[in-house]
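Colleague: Quick one: this structure, given as structure tokens, is what I'll be asking you about.
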2 protein chains.
Amino acid sequence: MPELRKDPIIGRWVIISTERGKRPTDFHSVAKTREPKHCPFCSSNEGSTPPEVFAIRDNGSAPNTPGWSLRVVPNKFPALKIEGDLNREGVGIFDKMNGIGAHEVIIETPDHMKDLVDLEFEDFRNVIRAFRERIIELKKDSRFKYILVFKNQGELAGASLEHSHSQLIATPILPKRVMEELLGAKRYYDYKERCIYCDIIRQELNDNIRIIAVNDMFIAIEPFASRFPFETWVLPRFHESNFEKLRGDTIANLVSLLKETLQKLRIALNDPPYNLMLHTAPLDDGYPEEYHWHIEIIPKLVKVAGFEWGTGFYINPTAPEDAAKFLNEVDYASV
Amino acid sequence: MPELRKDPIIGRWVIISTERGKRPTDFHSVAKTREPKHCPFCSSNEGSTPPEVFAIRDNGSAPNTPGWSLRVVPNKFPALKIEGDLNREGVGIFDKMNGIGAHEVIIETPDHMKDLVDLEFEDFRNVIRAFRERIIELKKDSRFKYILVFKNQGELAGASLEHSHSQLIATPILPKRVMEELLGAKRYYDYKERCIYCDIIRQELNDNIRIIAVNDMFIAIEPFASRFPFETWVLPRFHESNFEKLRGDTIANLVSLLKETLQKLRIALNDPPYNLMLHTAPLDDGYPEEYHWHIEIIPKLVKVAGFEWGTGFYINPTAPEDAAKFLNEVDYASV
């Protein structure tokens with residue numbers, strides 16, 4: 001019997017329909033072939049990107065020259081632009097405003113052949129540090145209401161360049177999906193006076209059937225009402241609404257858990273394309289008690305089709321408990 | 001300058017970012033090669049599907065034998081199942097219920113080589129009639145709250161069989177996306193005492209820059225806050241919340257407009273994969289004044305990636321005005 005499950009945060013129902021013939025092994029992705037050619041994100045091609053706004057560099061190397069281990073540059077084809085005013089206005093019944101915002105690219109490594117999960121601990125930590133530094137910097141611009149940090153890994157997940165990178169978009173409005181999460185979390189908090197994410201973590205630790213990695217400070221789970229096979233969330237076990245408040249020792253814990261999680265997904269699903277999204281509180285620091293930052297990872301294994309577009313209701317052919325079991329059977333220690 | 005636009009119904013902002021280098025001609029899809037092999041939807045293979053629940057047949061032909069021009073059968077691998085009780089229950093903090101519902105397939109033609117848009121007028125009308133008949137029939141089951149009729153055309157749009165078909169899923173809950181539209185339309189109605197869709201149609205007829213087809217009873221537009229390039233909506237010009245109230249003469253008008261719309265999309269975009277979704281009122285006939293049924297068509301031309309998943313906010317590289325212009329330059333008369 002298929003099962004309907006409800007996401008307790010935003011109230012979205014999903015259909016867990018495991019009888020449709022998809023098993024974890026049906027999802028194996030095709031391994032990439034990499035052809036570096038001329039890549040604007042490779043070392044020595046610094047001139048192919050707009051000038052860097054942040055970098056982690058060897059002592060003494062000049063900006064926009066080799067010698068870096070991570071660079072952040074404005075997107076050459078930005079979805080939103082940094083210069084100008086919002087000019088909000090009506091057009092008859094409709095509303096529009098200028099597309100003001102920031103769109104930056106975090107080039108995670110100078111090495112074309114490495115993915116995020118391949119990075120040495122220190123280099124991976126630099127990626128997390130860069131996310132944090134850029135949020136802190138862009139937060140100073142009062143035109144921005146929200147910053148989304150995300151990563152598209154692989155062409156099927158929407159990456160237009162294969163060299164490992166993440167992106168960041170600062171938006172002048174609070175996006176709809178973010179607002180839904182904030183309001184859902186607030187509704188729960190108003191009723192229970194507890195954070196819904198903290199309660200979910202407590203239940204997941206207790207149930208112990210959807211956990212795929214855990215350490216003192218972080219936990220990775222397959223959420224109860226997963227929209228997609230192998231959808232994975234990484235949450236801090238301590239309550240905190242704003243990602244950018246992360247401190248040094250905590251970053252190390254996040255890096256080791258995130259690396260383990262991505263490693264398991266890679267081995268189990270044969271290096272799948274994926275989207276990774278950081279969900280954090282709005283820039284005005286609202287919802288400090290109610291909201292709880294976290295990372296969502298969606299391996300790109302199934303197609304979103306008419307039913308999902310028409311209803312916002314997802315059909316997931318793999319129960320999260322089965323996905324967790326499969327990921328935990330991966331021979332991770334040998335990697 | 002990119003532009004932010006807001007959907008007046010559900011309040012979703014989109015980014016119209018035409019400077020990212022995508023022009024209509026960049027989206028041309030690859031034409032399909034068809035290999036019939038053994039197709040369960042072809043004539044003479046009626047035994048490969050569950051028994052039909054509705055059909056349009058030559059006089060005298062027996063159910064589940066050849067002689068039909070359209071068949072409706074239960075989905076062999078249903079996302080939701082018709083037998084059983086809902087058994088709604090809590091699991092700690094979470095909620096679940098049994099996956100009760102109906103999942104049917106409308107086989108639009110016995111001819112493997114035809115797409116919906118290729119059908120003769122009479123056969124196309126039968127497809128619309130079948131949608132209506134099945135909704136009226138399933139509406140009698142009080143366990144169902146909503147019925148979504150949809151079509152996935154092409155493998156990239158999620159079709160697992162290439163033989164032309166639509167689907168219908170009756171759900172025991174009101175899906176989230178539907179609820180958002182209903183509430184958005186209600187909010188407008190409460191304020192203006194007018195239907196928001198009627199007002200949009202009035203403005204579109206007046207602006208006359210996003211219309212791609214129009215007749216006495218229906219209109220096809222590229223919506224102002226399109227999420228996707230060439231996203232197209234087909235709406236009745238008269239106010240009506242429930243699709244199934246369509247009458248005979250009105251069906252003919254819908255068929256001719258829908259056929260023209262699909263034809264234009266096919267020619268302009270080289271037979272793109274697409275999702276088509278019927279948006280109609282809930283089965284309890286709620287929102288009769290506020291809601292207005294319509295059809296949404298999304299050609300599958302771009303990938304939904306991390307930013308969209310993280311924010312519910314879409315980046316559309318083609319302004320709807322440009323899409324409409326391109327579709328209207330198609331040499332449709334010569335087809």
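Just remember, in the structure tokens the first chain shown is A, the second B, etc., residues are 1-based per chain, and ligands are 1-based in the order shown.
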Could you please tell me, as a ChimeraX atom specification, which residues of chain A have an atom within 7 Å of chain B when using only C-alpha atoms?
Modeller: /A:1-6,8,12,15,17,20,77,79-80,94-99,150-152,157-158,175-178,275-277,303-307,310-313,315
Colleague: Extract, using only C-alpha atoms, all DNA, RNA and protein residues at most 8 Å from Arg210 of chain A, discarding same-chain residues fewer than 3 positions from it, and format them as a ChimeraX atom specification.
Modeller: /A:204,207,221-224,320-321,323-325
Colleague: Suppose we keep C-alpha atoms; can you now write the selection as a PDB file, in the first residue's frame?
Modeller:
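Wrote part_9.pdb, looks like this:
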ATOM      1  CA  GLU A 204      15.128  10.843  14.502  1.00  0.00           C
ATOM      2  CA  ASP A 207      13.712   6.196  15.961  1.00  0.00           C
ATOM      3  CA  ILE A 221      18.911  12.142   7.887  1.00  0.00           C
ATOM      4  CA  GLU A 222      16.602  11.013   5.119  1.00  0.00           C
ATOM      5  CA  PRO A 223      13.545  13.106   6.089  1.00  0.00           C
ATOM      6  CA  PHE A 224      10.267  11.356   6.972  1.00  0.00           C
ATOM      7  CA  PRO A 320      13.468   7.212   3.333  1.00  0.00           C
ATOM      8  CA  GLU A 321      13.977   4.243   5.677  1.00  0.00           C
ATOM      9  CA  ALA A 323      17.294   4.834   1.410  1.00  0.00           C
ATOM     10  CA  ALA A 324      18.952   5.152   4.834  1.00  0.00           C
ATOM     11  CA  LYS A 325      19.447   1.400   5.062  1.00  0.00           C
TER      12      LYS A 325
END
Colleague: Could I get chain B fitted onto chain A (least squares, all C-alpha atoms, in order) as a short mmCIF file (atom, residue, chain, number, x, y, z; two decimals) with C-alpha atoms, in the first residue's frame?
Modeller:
data_model
loop_
_atom_site.label_atom_id
_atom_site.label_comp_id
_atom_site.auth_asym_id
_atom_site.auth_seq_id
_atom_site.Cartn_x
_atom_site.Cartn_y
_atom_site.Cartn_z
CA MET B 1 0.03 0.02 0.00
CA PRO B 2 1.42 3.45 -0.91
CA GLU B 3 1.65 5.84 2.01
CA LEU B 4 0.95 9.55 2.27
CA ARG B 5 3.27 11.46 4.56
CA LYS B 6 3.15 15.06 5.62
CA ASP B 7 6.14 17.33 6.07
CA PRO B 8 5.50 18.81 9.53
CA ILE B 9 7.24 22.07 8.68
CA ILE B 10 5.59 23.32 5.51
CA GLY B 11 2.63 20.95 5.49
CA ARG B 12 3.42 19.36 2.13
CA TRP B 13 2.14 15.84 1.62
CA VAL B 14 4.18 13.34 -0.37
CA ILE B 15 3.31 9.90 -1.71
CA ILE B 16 5.75 7.16 -0.76
CA SER B 17 4.98 4.64 -3.47
CA THR B 18 7.57 1.91 -3.34
CA GLU B 19 5.63 -0.52 -5.51
CA ARG B 20 6.41 1.32 -8.71
CA GLY B 21 9.41 -0.84 -9.30
CA LYS B 22 12.27 1.52 -8.40
CA ARG B 23 14.89 0.15 -6.07
CA PRO B 24 18.00 2.01 -4.95
CA THR B 25 20.08 0.15 -7.51
CA ASP B 26 17.83 1.40 -10.35
CA PHE B 27 19.13 4.91 -9.84
CA HIS B 28 22.79 4.44 -10.59
CA SER B 29 23.98 7.40 -12.55
CA VAL B 30 26.46 7.34 -15.35
CA ALA B 31 29.96 8.38 -14.37
CA LYS B 32 31.17 11.61 -15.92
CA THR B 33 33.88 11.93 -18.51
CA ARG B 34 35.75 15.13 -17.95
CA GLU B 35 37.22 17.21 -20.71
CA PRO B 36 38.96 20.22 -19.23
CA LYS B 37 39.44 22.23 -22.50
CA HIS B 38 39.49 25.92 -21.63
CA CYS B 39 37.86 26.23 -18.23
CA PRO B 40 37.40 29.75 -16.78
CA PHE B 41 37.56 28.34 -13.25
CA CYS B 42 40.96 26.67 -13.60
CA SER B 43 44.13 28.15 -12.18
CA SER B 44 45.89 30.52 -14.66
CA ASN B 45 42.53 31.46 -16.23
CA GLU B 46 41.70 34.06 -13.58
CA GLY B 47 41.24 36.66 -16.34
CA SER B 48 38.23 34.74 -17.68
CA THR B 49 36.12 35.58 -14.64
CA PRO B 50 35.11 38.96 -13.20
CA PRO B 51 37.62 40.11 -10.52
CA GLU B 52 37.49 38.09 -7.29
CA VAL B 53 35.62 39.45 -4.28
CA PHE B 54 37.10 36.92 -1.85
CA ALA B 55 39.90 34.37 -2.04
CA ILE B 56 42.00 32.05 0.06
CA ARG B 57 45.55 32.43 -1.20
CA ASP B 58 49.17 31.60 -0.54
CA ASN B 59 50.92 34.40 1.27
CA GLY B 60 51.98 36.99 -1.19
CA SER B 61 50.04 35.96 -4.31
CA ALA B 62 48.23 38.86 -5.96
CA PRO B 63 44.44 38.88 -6.53
CA ASN B 64 43.31 37.36 -9.83
CA THR B 65 46.54 35.46 -10.35
CA PRO B 66 47.38 31.81 -9.56
CA GLY B 67 48.26 30.80 -5.98
CA TRP B 68 44.73 30.43 -4.62
CA SER B 69 42.95 27.46 -3.16
CA LEU B 70 39.48 29.05 -3.35
CA ARG B 71 38.07 32.08 -5.18
CA VAL B 72 34.72 33.86 -5.05
CA VAL B 73 33.83 35.88 -8.15
CA PRO B 74 30.66 37.61 -9.37
CA ASN B 75 28.74 35.43 -11.83
CA LYS B 76 29.58 36.56 -15.36
CA PHE B 77 25.94 36.06 -16.37
CA PRO B 78 24.15 37.12 -13.19
CA ALA B 79 20.49 36.31 -12.64
CA LEU B 80 20.30 39.50 -10.56
CA LYS B 81 22.50 42.60 -10.72
CA ILE B 82 24.15 44.51 -7.94
CA GLU B 83 23.76 48.07 -9.26
CA GLY B 84 20.53 50.06 -9.12
CA ASP B 85 17.34 50.66 -7.21
CA LEU B 86 14.42 48.34 -6.75
CA ASN B 87 11.78 50.59 -8.36
CA ARG B 88 8.86 48.50 -7.27
CA GLU B 89 5.82 49.27 -9.42
CA GLY B 90 2.45 48.01 -10.64
CA VAL B 91 1.60 47.13 -14.24
CA GLY B 92 -2.18 47.03 -14.17
CA ILE B 93 -3.01 44.03 -12.03
CA PHE B 94 0.63 42.85 -12.01
CA ASP B 95 3.69 43.77 -9.92
CA LYS B 96 7.32 44.08 -10.87
CA MET B 97 10.63 45.49 -9.67
CA ASN B 98 14.18 45.66 -10.93
CA GLY B 99 16.25 42.52 -10.65
CA ILE B 100 18.62 43.82 -7.97
CA GLY B 101 20.72 41.33 -6.08
CA ALA B 102 24.09 39.63 -5.94
CA HIS B 103 25.03 36.48 -7.79
CA GLU B 104 28.44 35.05 -6.92
CA VAL B 105 30.32 31.87 -7.75
CA ILE B 106 32.45 30.05 -5.18
CA ILE B 107 35.20 28.24 -7.11
CA GLU B 108 35.92 25.49 -4.62
CA THR B 109 39.31 24.35 -5.88
CA PRO B 110 41.83 25.22 -8.60
CA ASP B 111 41.88 21.53 -9.58
CA HIS B 112 39.51 20.81 -12.44
CA MET B 113 39.38 17.10 -11.69
CA LYS B 114 38.22 17.34 -8.07
CA ASP B 115 34.65 17.46 -6.83
CA LEU B 116 33.66 18.98 -3.51
CA VAL B 117 33.68 15.54 -1.90
CA ASP B 118 37.26 14.93 -3.09
CA LEU B 119 38.65 17.99 -1.32
CA GLU B 120 41.09 17.62 1.54
CA PHE B 121 39.61 18.48 4.92
CA GLU B 122 41.25 21.91 4.97
CA ASP B 123 40.02 22.80 1.47
CA PHE B 124 36.49 21.62 2.24
CA ARG B 125 36.58 23.78 5.38
CA ASN B 126 37.55 26.75 3.25
CA VAL B 127 34.38 26.28 1.18
CA ILE B 128 32.23 26.46 4.31
CA ARG B 129 34.26 29.44 5.53
CA ALA B 130 33.70 31.20 2.20
CA PHE B 131 29.92 30.69 2.42
CA ARG B 132 30.03 32.26 5.86
CA GLU B 133 32.28 35.19 4.92
CA ARG B 134 30.21 36.12 1.89
CA ILE B 135 26.93 36.00 3.82
CA ILE B 136 28.40 38.25 6.53
CA GLU B 137 29.66 40.69 3.89
CA LEU B 138 26.48 40.82 1.78
CA LYS B 139 24.28 41.11 4.87
CA LYS B 140 25.55 44.70 5.15
CA ASP B 141 23.59 45.67 2.02
CA SER B 142 20.16 46.67 3.26
CA ARG B 143 18.52 46.09 -0.13
CA PHE B 144 18.86 42.32 0.38
CA LYS B 145 16.38 40.24 2.34
CA TYR B 146 17.73 36.75 1.79
CA ILE B 147 20.82 34.87 0.62
CA LEU B 148 20.62 31.40 -0.86
CA VAL B 149 23.85 29.39 -1.07
CA PHE B 150 23.53 26.39 -3.36
CA LYS B 151 25.47 23.95 -5.45
CA ASN B 152 24.46 22.26 -8.71
CA GLN B 153 26.71 19.24 -9.20
CA GLY B 154 26.61 17.70 -12.65
CA GLU B 155 24.95 18.76 -15.87
CA LEU B 156 21.68 16.96 -15.07
CA ALA B 157 21.45 19.00 -11.88
CA GLY B 158 21.81 22.23 -13.85
CA ALA B 159 25.56 22.88 -13.66
CA SER B 160 26.71 24.66 -16.80
CA LEU B 161 30.42 24.29 -15.96
CA GLU B 162 31.82 21.03 -14.60
CA HIS B 163 34.65 22.59 -12.56
CA SER B 164 33.50 22.23 -8.95
CA HIS B 165 31.73 25.36 -7.74
CA SER B 166 28.88 26.61 -5.57
CA GLN B 167 26.80 29.73 -6.01
CA LEU B 168 25.18 32.37 -3.88
CA ILE B 169 22.26 34.61 -4.80
CA ALA B 170 21.16 37.52 -2.60
CA THR B 171 17.54 38.47 -3.29
CA PRO B 172 15.60 41.69 -2.58
CA ILE B 173 12.53 39.73 -1.49
CA LEU B 174 11.97 36.82 0.86
CA PRO B 175 11.44 33.85 -1.47
CA LYS B 176 8.16 31.97 -1.26
CA ARG B 177 9.65 28.62 -0.26
CA VAL B 178 11.69 30.24 2.51
CA MET B 179 8.64 32.09 3.79
CA GLU B 180 6.70 28.83 3.93
CA GLU B 181 9.37 27.21 6.06
CA LEU B 182 9.61 30.19 8.37
CA LEU B 183 5.85 30.35 8.82
CA GLY B 184 5.58 26.60 9.33
CA ALA B 185 8.31 26.67 11.95
CA LYS B 186 6.67 29.69 13.62
CA ARG B 187 3.26 28.02 13.72
CA TYR B 188 4.79 25.07 15.53
CA TYR B 189 6.74 27.29 17.88
CA ASP B 190 3.66 29.34 18.73
CA TYR B 191 1.85 26.14 19.65
CA LYS B 192 4.60 24.14 21.39
CA GLU B 193 7.19 26.76 22.36
CA ARG B 194 9.81 24.44 20.92
CA CYS B 195 11.74 24.46 17.66
CA ILE B 196 10.23 21.96 15.22
CA TYR B 197 13.65 21.05 13.82
CA CYS B 198 14.97 20.33 17.33
CA ASP B 199 11.96 18.07 17.88
CA ILE B 200 12.54 16.29 14.56
CA ILE B 201 16.18 15.66 15.48
CA ARG B 202 15.12 14.28 18.85
CA GLN B 203 12.66 11.90 17.19
CA GLU B 204 15.15 10.84 14.51
CA LEU B 205 17.80 10.02 17.11
CA ASN B 206 15.22 8.01 18.98
CA ASP B 207 13.72 6.20 15.95
CA ASN B 208 17.19 5.60 14.50
CA ILE B 209 15.94 4.37 11.11
CA ARG B 210 16.54 7.41 8.91
CA ILE B 211 19.98 8.56 10.14
CA ILE B 212 22.88 8.27 7.72
CA ALA B 213 25.58 10.09 9.70
CA VAL B 214 25.84 11.69 13.12
CA ASN B 215 28.50 13.30 15.30
CA ASP B 216 28.45 15.44 18.44
CA MET B 217 27.21 18.54 16.66
CA PHE B 218 25.51 17.50 13.41
CA ILE B 219 23.18 14.87 12.03
CA ALA B 220 22.31 13.74 8.47
CA ILE B 221 18.90 12.15 7.89
CA GLU B 222 16.61 11.00 5.12
CA PRO B 223 13.55 13.10 6.09
CA PHE B 224 10.28 11.35 6.97
CA ALA B 225 8.34 13.04 4.14
CA SER B 226 11.15 12.99 1.55
CA ARG B 227 10.05 14.35 -1.80
CA PHE B 228 12.77 12.52 -3.70
CA PRO B 229 14.68 9.23 -3.39
CA PHE B 230 17.76 9.79 -1.21
CA GLU B 231 16.78 13.36 -0.34
CA THR B 232 19.08 14.13 2.60
CA TRP B 233 19.09 16.85 5.24
CA VAL B 234 22.06 17.87 7.35
CA LEU B 235 21.16 19.74 10.54
CA PRO B 236 23.09 21.14 13.51
CA ARG B 237 22.05 19.28 16.67
CA PHE B 238 22.21 22.55 18.61
CA HIS B 239 19.58 25.22 17.99
CA GLU B 240 20.70 28.04 15.70
CA SER B 241 18.72 29.96 13.08
CA ASN B 242 21.59 31.61 11.21
CA PHE B 243 24.25 29.63 9.40
CA GLU B 244 26.74 32.50 9.50
CA LYS B 245 26.98 32.24 13.29
CA LEU B 246 28.99 29.01 12.84
CA ARG B 247 32.25 29.06 14.82
CA GLY B 248 35.60 27.47 14.04
CA ASP B 249 35.34 24.19 15.96
CA THR B 250 31.77 23.71 14.81
CA ILE B 251 32.81 24.16 11.17
CA ALA B 252 35.18 21.20 11.51
CA ASN B 253 32.31 19.04 12.76
CA LEU B 254 30.11 20.13 9.87
CA VAL B 255 32.82 19.44 7.32
CA SER B 256 33.45 15.92 8.55
CA LEU B 257 29.74 15.09 8.62
CA LEU B 258 29.03 16.65 5.22
CA LYS B 259 31.99 14.90 3.65
CA GLU B 260 30.83 11.55 5.03
CA THR B 261 27.29 12.18 3.78
CA LEU B 262 28.37 13.18 0.27
CA GLN B 263 30.78 10.26 0.18
CA LYS B 264 28.01 7.80 1.04
CA LEU B 265 25.70 9.26 -1.61
CA ARG B 266 28.50 9.11 -4.16
CA ILE B 267 29.38 5.49 -3.48
CA ALA B 268 25.81 4.25 -3.13
CA LEU B 269 24.47 6.06 -6.19
CA ASN B 270 27.54 6.01 -8.41
CA ASP B 271 28.42 9.69 -8.31
CA PRO B 272 24.96 11.14 -8.89
CA PRO B 273 24.26 14.69 -10.02
CA TYR B 274 22.78 16.61 -7.09
CA ASN B 275 21.54 19.95 -5.81
CA LEU B 276 22.64 21.16 -2.40
CA MET B 277 20.90 24.08 -0.75
CA LEU B 278 21.65 25.95 2.45
CA HIS B 279 18.46 26.95 4.25
CA THR B 280 19.16 29.74 6.71
CA ALA B 281 17.18 32.54 8.37
CA PRO B 282 16.47 35.84 6.57
CA LEU B 283 19.08 38.59 6.73
CA ASP B 284 17.09 40.61 9.26
CA ASP B 285 17.80 37.84 11.80
CA GLY B 286 14.08 37.18 12.19
CA TYR B 287 12.79 33.91 13.68
CA PRO B 288 15.80 33.26 15.99
CA GLU B 289 13.86 30.88 18.26
CA GLU B 290 11.67 29.30 15.62
CA TYR B 291 14.00 28.62 12.71
CA HIS B 292 16.91 26.20 12.52
CA TRP B 293 19.38 26.36 9.65
CA HIS B 294 20.12 23.20 7.68
CA ILE B 295 21.35 21.88 4.38
CA GLU B 296 19.18 19.96 1.92
CA ILE B 297 20.73 17.65 -0.66
CA ILE B 298 18.67 16.30 -3.55
CA PRO B 299 20.35 13.69 -5.76
CA LYS B 300 18.93 14.06 -9.26
CA LEU B 301 17.52 10.58 -9.83
CA VAL B 302 13.93 11.03 -10.97
CA LYS B 303 12.08 13.46 -13.21
CA VAL B 304 9.64 16.00 -11.87
CA ALA B 305 6.57 15.71 -14.09
CA GLY B 306 3.01 16.93 -14.59
CA PHE B 307 1.58 15.60 -11.35
CA GLU B 308 4.23 17.33 -9.25
CA TRP B 309 3.98 20.59 -11.21
CA GLY B 310 0.20 20.56 -11.00
CA THR B 311 -0.11 19.78 -7.32
CA GLY B 312 3.16 20.52 -5.52
CA PHE B 313 2.69 16.96 -4.29
CA TYR B 314 5.58 14.52 -4.86
CA ILE B 315 5.58 10.82 -5.65
CA ASN B 316 8.69 9.27 -4.11
CA PRO B 317 9.44 5.69 -5.17
CA THR B 318 11.94 5.07 -2.34
CA ALA B 319 10.94 5.17 1.32
CA PRO B 320 13.47 7.21 3.34
CA GLU B 321 13.97 4.24 5.69
CA ASP B 322 15.02 2.10 2.69
CA ALA B 323 17.30 4.85 1.42
CA ALA B 324 18.96 5.15 4.84
CA LYS B 325 19.45 1.40 5.07
CA PHE B 326 21.01 1.32 1.62
CA LEU B 327 23.35 4.23 2.40
CA ASN B 328 24.39 2.64 5.68
CA GLU B 329 25.33 -0.60 3.95
CA VAL B 330 27.83 1.28 1.80
CA ASP B 331 31.40 0.25 2.53
CA TYR B 332 32.39 3.72 3.59
CA ALA B 333 35.29 2.79 5.83
CA SER B 334 37.29 1.43 2.93
CA VAL B 335 37.25 4.71 0.98
#
Colleague: Please, which residues of segment 211-255 of chain A, numbered as in this document, come out strand (DSSP E) from DSSP, as a VMD selection string?
Modeller: chain A and resid 211 to 214 218 to 221 232 to 236
Colleague: Please identify the alpha helix (DSSP H) residues within segment 32-149 of chain A (assignment by DSSP from backbone atoms) and present them as a CSV table (one decimal) with C-alpha atoms, in the first residue's frame.
Modeller:
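So result.csv came out as:
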chain,number,residue,atom,x,y,z
A,121,PHE,CA,39.6,18.5,4.9
A,122,GLU,CA,41.2,21.9,5.0
A,123,ASP,CA,40.0,22.8,1.5
A,124,PHE,CA,36.5,21.6,2.2
A,125,ARG,CA,36.6,23.8,5.4
A,126,ASN,CA,37.5,26.8,3.2
A,127,VAL,CA,34.4,26.3,1.2
A,128,ILE,CA,32.2,26.5,4.3
A,129,ARG,CA,34.3,29.5,5.5
A,130,ALA,CA,33.7,31.2,2.2
A,131,PHE,CA,29.9,30.7,2.4
A,132,ARG,CA,30.0,32.3,5.9
A,133,GLU,CA,32.3,35.2,4.9
A,134,ARG,CA,30.2,36.1,1.9
A,135,ILE,CA,26.9,36.0,3.8
A,136,ILE,CA,28.4,38.2,6.5
A,137,GLU,CA,29.7,40.7,3.9
A,138,LEU,CA,26.5,40.8,1.8
